[in-house]
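Below is the file my_file.cif, which contains mmCIF, C-alpha atoms.
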data_entry
loop_
_atom_site.label_atom_id
_atom_site.label_comp_id
_atom_site.auth_asym_id
_atom_site.auth_seq_id
_atom_site.Cartn_x
_atom_site.Cartn_y
_atom_site.Cartn_z
CA MET A 247 101.27 124.46 116.43
CA VAL A 248 103.43 122.32 114.19
CA LEU A 249 104.40 122.91 110.54
CA LEU A 250 104.19 119.70 108.51
CA LYS A 251 105.90 119.39 105.12
CA ILE A 252 104.14 116.76 103.05
CA ALA A 253 106.67 115.06 100.74
CA GLY A 254 106.05 112.25 98.29
CA GLY A 255 105.33 114.00 95.01
CA GLU A 256 106.61 116.96 93.04
CA ILE A 257 104.36 119.29 95.04
CA VAL A 258 105.40 119.62 98.70
CA PRO A 259 102.81 121.62 100.64
CA GLU A 260 103.43 122.95 104.13
CA ILE A 261 100.44 122.61 106.44
CA GLU A 262 100.18 124.12 109.89
CA MET A 263 98.26 122.04 112.43
CA SER A 264 97.46 122.12 116.12
CA ILE A 265 99.05 119.33 118.15
CA LEU A 266 95.50 118.48 119.29
CA ASP A 267 94.34 117.75 115.73
CA THR A 268 94.17 114.15 114.56
CA ILE A 269 95.99 112.60 111.64
CA PHE A 270 92.56 112.34 110.00
CA ASP A 271 92.19 116.14 110.34
CA LEU A 272 95.56 116.50 108.63
CA LYS A 273 94.46 114.20 105.80
CA GLN A 274 91.37 116.37 105.29
CA LYS A 275 93.63 119.41 104.90
CA ILE A 276 95.80 117.48 102.46
CA GLN A 277 92.67 116.63 100.47
CA LYS A 278 91.81 120.35 100.24
CA GLU A 279 95.39 121.23 99.29
CA LEU A 280 96.18 118.45 96.81
CA ASP A 281 92.76 117.06 95.74
CA VAL A 282 93.71 113.58 97.00
CA GLU A 283 90.82 111.82 98.73
CA VAL A 284 91.43 110.90 102.37
CA TYR A 285 90.79 107.19 101.76
CA ARG A 286 93.67 107.08 99.26
CA GLN A 287 96.22 108.69 101.60
CA SER A 288 98.79 107.02 103.82
CA LEU A 289 101.10 109.21 105.89
CA TRP A 290 104.48 108.05 107.12
CA HIS A 291 107.10 109.39 109.51
CA ASN A 292 110.41 107.59 110.10
CA ASN A 293 109.08 104.46 108.33
CA ARG A 294 106.03 104.36 110.61
CA MET A 295 102.51 104.71 109.22
CA LEU A 296 100.47 107.32 111.06
CA ARG A 297 97.02 106.27 112.29
CA ASP A 298 93.95 108.40 111.54
CA GLN A 299 92.58 108.45 115.09
CA GLU A 300 95.88 109.46 116.72
CA LEU A 301 96.58 113.06 117.75
CA ILE A 302 99.50 114.86 116.16
CA HIS A 303 100.76 115.34 119.74
CA ASP A 304 100.99 111.53 120.15
CA TYR A 305 103.88 111.40 117.66
CA GLY A 306 106.09 113.87 119.54
CA PHE A 307 106.73 116.03 116.48
CA GLY A 308 108.91 119.10 116.81
CA VAL A 309 107.96 122.55 115.56
CA SER A 310 108.56 121.45 111.96
CA GLU A 311 108.41 117.89 110.60
CA ARG A 312 108.57 116.21 107.21
CA LEU A 313 105.96 113.53 106.53
CA TYR A 314 105.83 111.23 103.52
CA LEU A 315 102.54 110.82 101.64
CA THR A 316 101.77 107.71 99.62
CA VAL A 317 98.64 107.57 97.50
CA THR A 318 96.77 104.38 96.65
CA PRO A 319 96.59 104.33 92.82
CA LEU A 320 93.32 104.29 90.95
CA SER A 321 92.55 101.30 88.74
CA PRO A 322 94.53 101.47 85.45
CA GLU A 323 91.38 101.96 83.36
CA HIS A 324 90.00 104.79 85.55
CA LYS A 325 89.77 108.03 83.55
CA LEU A 326 89.87 111.52 85.01
CA SER A 327 88.52 114.82 83.71
CA VAL A 328 91.15 117.45 84.37
CA MET A 329 90.43 121.18 84.08
CA VAL A 330 93.08 122.92 82.00
CA LYS A 331 92.94 126.65 82.76
CA PHE A 332 93.97 129.02 80.00
CA VAL A 333 93.24 132.73 79.77
CA GLY A 334 89.69 133.05 78.45
CA SER A 335 89.44 129.41 77.37
CA ASP A 336 89.30 126.70 80.02
CA GLY A 337 88.58 123.13 79.01
CA TYR A 338 88.42 119.58 80.33
CA VAL A 339 90.84 116.93 79.13
CA THR A 340 90.41 113.20 79.83
CA VAL A 341 93.51 111.44 81.16
CA LYS A 342 94.61 108.60 83.44
CA GLU A 343 96.71 109.29 86.51
CA THR A 344 99.40 107.01 85.05
CA ASP A 345 99.65 109.08 81.85
CA LYS A 346 102.85 111.05 81.47
CA VAL A 347 102.74 114.84 81.43
CA ARG A 348 103.82 114.70 77.76
CA GLU A 349 100.55 112.90 76.93
CA LEU A 350 98.55 115.68 78.60
CA ARG A 351 100.67 118.22 76.71
CA SER A 352 99.83 116.46 73.44
CA LYS A 353 96.09 116.57 74.19
CA VAL A 354 96.34 120.25 75.10
CA GLU A 355 98.19 120.90 71.85
CA ARG A 356 95.35 119.29 69.87
CA TYR A 357 92.58 120.95 71.90
CA TRP A 358 93.94 124.51 71.61
CA SER A 359 96.00 124.10 68.41
CA ILE A 360 99.12 125.40 70.13
CA PRO A 361 102.52 123.86 69.28
CA SER A 362 103.65 121.81 72.28
CA GLU A 363 107.08 123.48 72.43
CA LEU A 364 105.31 126.74 73.35
CA ILE A 365 103.27 125.14 76.16
CA THR A 366 104.10 125.17 79.86
CA LEU A 367 101.87 123.16 82.19
CA LYS A 368 101.75 123.87 85.93
CA ARG A 369 99.96 122.29 88.85
CA ARG A 370 99.83 124.33 92.07
CA ASN A 371 102.43 126.68 90.48
CA VAL A 372 104.92 123.84 89.96
CA VAL A 373 106.12 123.35 86.36
CA MET A 374 105.22 119.84 85.24
CA GLU A 375 108.00 117.76 83.63
CA ASP A 376 107.11 115.72 80.52
CA ASN A 377 108.70 112.45 81.67
CA LEU A 378 106.80 112.24 84.97
CA PRO A 379 103.36 110.67 85.47
CA LEU A 380 100.44 112.94 86.30
CA SER A 381 100.21 111.19 89.67
CA ALA A 382 103.54 112.81 90.65
CA TYR A 383 101.58 116.09 90.68
CA TYR A 384 98.54 114.60 92.45
CA VAL A 385 96.33 115.04 89.38
CA ASN A 386 92.86 113.73 90.21
CA GLU A 387 89.26 114.16 89.09
CA ALA A 388 88.55 117.86 88.40
CA SER A 389 92.10 118.88 89.33
CA GLU A 390 93.23 122.12 87.75
CA VAL A 391 96.30 122.42 85.56
CA GLN A 392 97.42 125.87 84.45
CA LEU A 393 98.42 126.36 80.83
CA SER A 394 100.73 129.14 79.79
CA VAL A 395 102.01 129.80 76.31
CA LEU A 396 105.28 131.38 75.25
CA ILE A 397 104.39 134.09 72.79
CA GLU A 398 107.11 134.68 70.25
CA PRO A 399 107.57 138.21 68.90
CA ARG A 400 106.86 138.66 65.21
#

In structure tokens, how does this file's structure come out?
Amino acid sequence: MVLLKIAGGEIVPEIEMSILDTIFDLKQKIQKELDVEVYRQSLWHNNRMLRDQELIHDYGFGVSERLYLTVTPLSPEHKLSVMVKFVGSDGYVTVKETDKVRELRSKVERYWSIPSELITLKRRNVVMEDNLPLSAYYVNEASEVQLSVLIEPR
């Protein structure tokens, strides 16, 4: 078994794989973990692109390796419906993967009528930073973003 850390965005999952699995098998696990379709993924190790049909064993990885994931961007006009999960009141928000987190925050503020300074957005338990694009958090069609609200005492 080998533990693969998938870098490239703000979320860095660790995926355990058999050395007899293919790179394509790994990409399928990445799709389940990050909601990024296999056809959009490219994996790199030491500036070398990994090929889908190759076995993990073929690359001579050690017990733990860091791979770099690049994602082919969607067309600029492509819109995504993102599920924003909030206690008792989930809702879909339409965004583009190139939108900044602050734009999603603004839409959430309007949708739930919550002042944006009280809102924290998370994807896969990672706090999303306003100045970064949604793509940095692998936000895709039907991805889930968690909404939490700071409740101020009265």

**Report entry** Neighbour list for Leu272 of chain A as a PyMOL selection string, cut-off 10 Å, only C-alpha atoms, skip fewer than 4 positions in-chain
**Finding:** chain A and resi 250+261-264+267-268+276-278+284+289+298+301-302

Using only C-alpha atoms, please write the residues we just selected to a file, as a PDB file, keeping the file's coordinate frame.
ATOM      1  CA  LEU A 250     104.190 119.700 108.510  1.00  0.00           C
ATOM      2  CA  ILE A 261     100.440 122.610 106.440  1.00  0.00           C
ATOM      3  CA  GLU A 262     100.180 124.120 109.890  1.00  0.00           C
ATOM      4  CA  MET A 263      98.260 122.040 112.430  1.00  0.00           C
ATOM      5  CA  SER A 264      97.460 122.120 116.120  1.00  0.00           C
ATOM      6  CA  ASP A 267      94.340 117.750 115.730  1.00  0.00           C
ATOM      7  CA  THR A 268      94.170 114.150 114.560  1.00  0.00           C
ATOM      8  CA  ILE A 276      95.800 117.480 102.460  1.00  0.00           C
ATOM      9  CA  GLN A 277      92.670 116.630 100.470  1.00  0.00           C
ATOM     10  CA  LYS A 278      91.810 120.350 100.240  1.00  0.00           C
ATOM     11  CA  VAL A 284      91.430 110.900 102.370  1.00  0.00           C
ATOM     12  CA  LEU A 289     101.100 109.210 105.890  1.00  0.00           C
ATOM     13  CA  ASP A 298      93.950 108.400 111.540  1.00  0.00           C
ATOM     14  CA  LEU A 301      96.580 113.060 117.750  1.00  0.00           C
ATOM     15  CA  ILE A 302      99.500 114.860 116.160  1.00  0.00           C
TER      16      ILE A 302
END

Report summary line: Correct to one decimal, the distance atom CA of Gly255 of chain A-atom CA of Leu315 of chain A is 7.9 Å

Check what the PyMOL selection byres ((chain A and resi 319) around 12) selects in the file above and give those residues as a PDB file with C-alpha atoms, in the frame of the given file.
ATOM      1  CA  VAL A 282      93.710 113.580  97.000  1.00  0.00           C
ATOM      2  CA  GLU A 283      90.820 111.820  98.730  1.00  0.00           C
ATOM      3  CA  TYR A 285      90.790 107.190 101.760  1.00  0.00           C
ATOM      4  CA  ARG A 286      93.670 107.080  99.260  1.00  0.00           C
ATOM      5  CA  GLN A 287      96.220 108.690 101.600  1.00  0.00           C
ATOM      6  CA  SER A 288      98.790 107.020 103.820  1.00  0.00           C
ATOM      7  CA  THR A 316     101.770 107.710  99.620  1.00  0.00           C
ATOM      8  CA  VAL A 317      98.640 107.570  97.500  1.00  0.00           C
ATOM      9  CA  THR A 318      96.770 104.380  96.650  1.00  0.00           C
ATOM     10  CA  LEU A 320      93.320 104.290  90.950  1.00  0.00           C
ATOM     11  CA  SER A 321      92.550 101.300  88.740  1.00  0.00           C
ATOM     12  CA  PRO A 322      94.530 101.470  85.450  1.00  0.00           C
ATOM     13  CA  GLU A 323      91.380 101.960  83.360  1.00  0.00           C
ATOM     14  CA  HIS A 324      90.000 104.790  85.550  1.00  0.00           C
ATOM     15  CA  LYS A 342      94.610 108.600  83.440  1.00  0.00           C
ATOM     16  CA  GLU A 343      96.710 109.290  86.510  1.00  0.00           C
ATOM     17  CA  THR A 344      99.400 107.010  85.050  1.00  0.00           C
ATOM     18  CA  PRO A 379     103.360 110.670  85.470  1.00  0.00           C
ATOM     19  CA  LEU A 380     100.440 112.940  86.300  1.00  0.00           C
ATOM     20  CA  SER A 381     100.210 111.190  89.670  1.00  0.00           C
ATOM     21  CA  ALA A 382     103.540 112.810  90.650  1.00  0.00           C
ATOM     22  CA  TYR A 384      98.540 114.600  92.450  1.00  0.00           C
ATOM     23  CA  VAL A 385      96.330 115.040  89.380  1.00  0.00           C
ATOM     24  CA  ASN A 386      92.860 113.730  90.210  1.00  0.00           C
TER      25      ASN A 386
END

**Report entry** Within-8 Å shell of (101.3, 125.5, 72.1) in input frame, only C-alpha atoms, as an MDAnalysis selection string
**Finding:** chainID A and resid 354:355 358:365 395:396

Query raised in the report: Residues at most 10 Å from segment 348-350 of chain A, counting only C-alpha atoms, excluding those fewer than 2 positions away in the same chain, as a list in words?
Result: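 The residues that qualify are Val328, Val330, Val339, Thr340, Val341, Lys342, Asp345, Lys346, Ser352, Lys353, Val354, Glu355, Arg356, Ser362, Leu367, Met374, Glu375, Asp376, Asn377, Leu378, Pro379, Leu380 and Val391 of chain A.
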
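Nearest residue to Thr366 of chain A among A:Tyr383, A:Gln392, A:Trp290, A:Lys331 is A:Gln392, counting all atoms listed in the file.
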
**Report entry** atom CA of Glu311 of chain A to atom CA of Gly254 of chain A, distance in Å rounded to a single decimal
**Finding:** 13.7 Å

Requested in this report: Please identify all polymer residues within 9 Å of Pro259 of chain A, counting all atoms listed in the file, omitting same-chain residues fewer than 3 positions from it, and present them as a list of chain:residue names.
Outcome: A:Leu250, A:Lys251, A:Ile252, A:Ala253, A:Ile276, A:Glu279, A:Leu280

Restricting the output to C-alpha atoms, write the selected residues as a compact mmCIF listing (two decimals), in the frame of the given file.
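Done, and the output landed in out-v7.txt:
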# COMPACT_ATOMS: atom_id res chain seq x y z
CA LEU A 250 104.19 119.70 108.51
CA LYS A 251 105.90 119.39 105.12
CA ILE A 252 104.14 116.76 103.05
CA ALA A 253 106.67 115.06 100.74
CA ILE A 276 95.80 117.48 102.46
CA GLU A 279 95.39 121.23 99.29
CA LEU A 280 96.18 118.45 96.81

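Restricting the calculation to only C-alpha atoms, the smallest distance between Glu387 of chain A and any of A:Arg351, A:Lys325, A:Arg312, A:Arg370 is found for A:Lys325.
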
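Here atom CA of Ile257 of chain A stands at a distance of 22.8 Å from atom CA of Arg297 of chain A.
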